[in-house]
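Engineer: Take a look at the following structure, please.
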Amino acid sequence: SDNEQAVAARLGIRGIPTMILFHGGQEVARTSGAMTAGQIVRWVRDHLPAAT
C-alpha cells in the first residue's frame, strides 16, 4: 500500500528483506538480504548492548 511505500522511502529501504535495529529511536544497525534464522539471531546479538 501507499503507507508502506512511504515508510520504506523514509527509512531508505530499497530492497527486501531489510532489517533495521533501533535503540532509543535511532538506527543502530541495518542489513538486507536473506539470512537463516541462526544468522538473524547472531546479527541481533552482535548489535545488542552488553549485559551488565
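Following the order of the C-alpha cells, chains are lettered A, B, ..., residues in each are numbered from 1, and ligands are numbered from 1.
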Determine, counting only C-alpha atoms, which protein, DNA and RNA residues have an atom within 12 Å of an atom of Val44 in chain A; residues of the same chain fewer than 2 positions away are not included. Present the result as a VMD selection string.
Structural biologist: chain A and resid 19 to 22 28 to 31 35 37 to 42 46 to 50
Engineer: Can you pull out every residue within 9 Å of Ile16 in chain A, counting only C-alpha atoms, but drop anything in the same chain fewer than 5 positions away, and send it as a ChimeraX atom specification?
Structural biologist: /A:32-34
Engineer: Quick one: write out the picked residues with C-alpha atoms as an mmCIF file, in the first residue's frame?
Structural biologist:
data_model
loop_
_atom_site.group_PDB
_atom_site.id
_atom_site.type_symbol
_atom_site.label_atom_id
_atom_site.label_comp_id
_atom_site.auth_asym_id
_atom_site.auth_seq_id
_atom_site.Cartn_x
_atom_site.Cartn_y
_atom_site.Cartn_z
ATOM 1 C CA SER A 32 19.481 -6.543 3.838
ATOM 2 C CA GLY A 33 19.339 -9.844 2.076
ATOM 3 C CA ALA A 34 18.222 -13.302 3.019
#
Engineer: Check the DSSP output for the backbone and give back, as a list in words, the residues of chain A in helix (DSSP H, G or I).
Structural biologist: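 Across chain A, those assigned helix (DSSP H, G or I) are Asp2, Asn3, Glu4, Gln5, Ala6, Val7, Ala8, Ala9, Arg10, Leu11, Ala37, Gly38, Gln39, Ile40, Val41, Arg42, Trp43, Val44, Arg45, Asp46 and His47 of chain A.
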Engineer: Taking the DSSP secondary structure from the backbone, can you list the residues of chain A that are strand (DSSP E), as a ChimeraX atom specification?
Structural biologist: /A:18-23,26-32
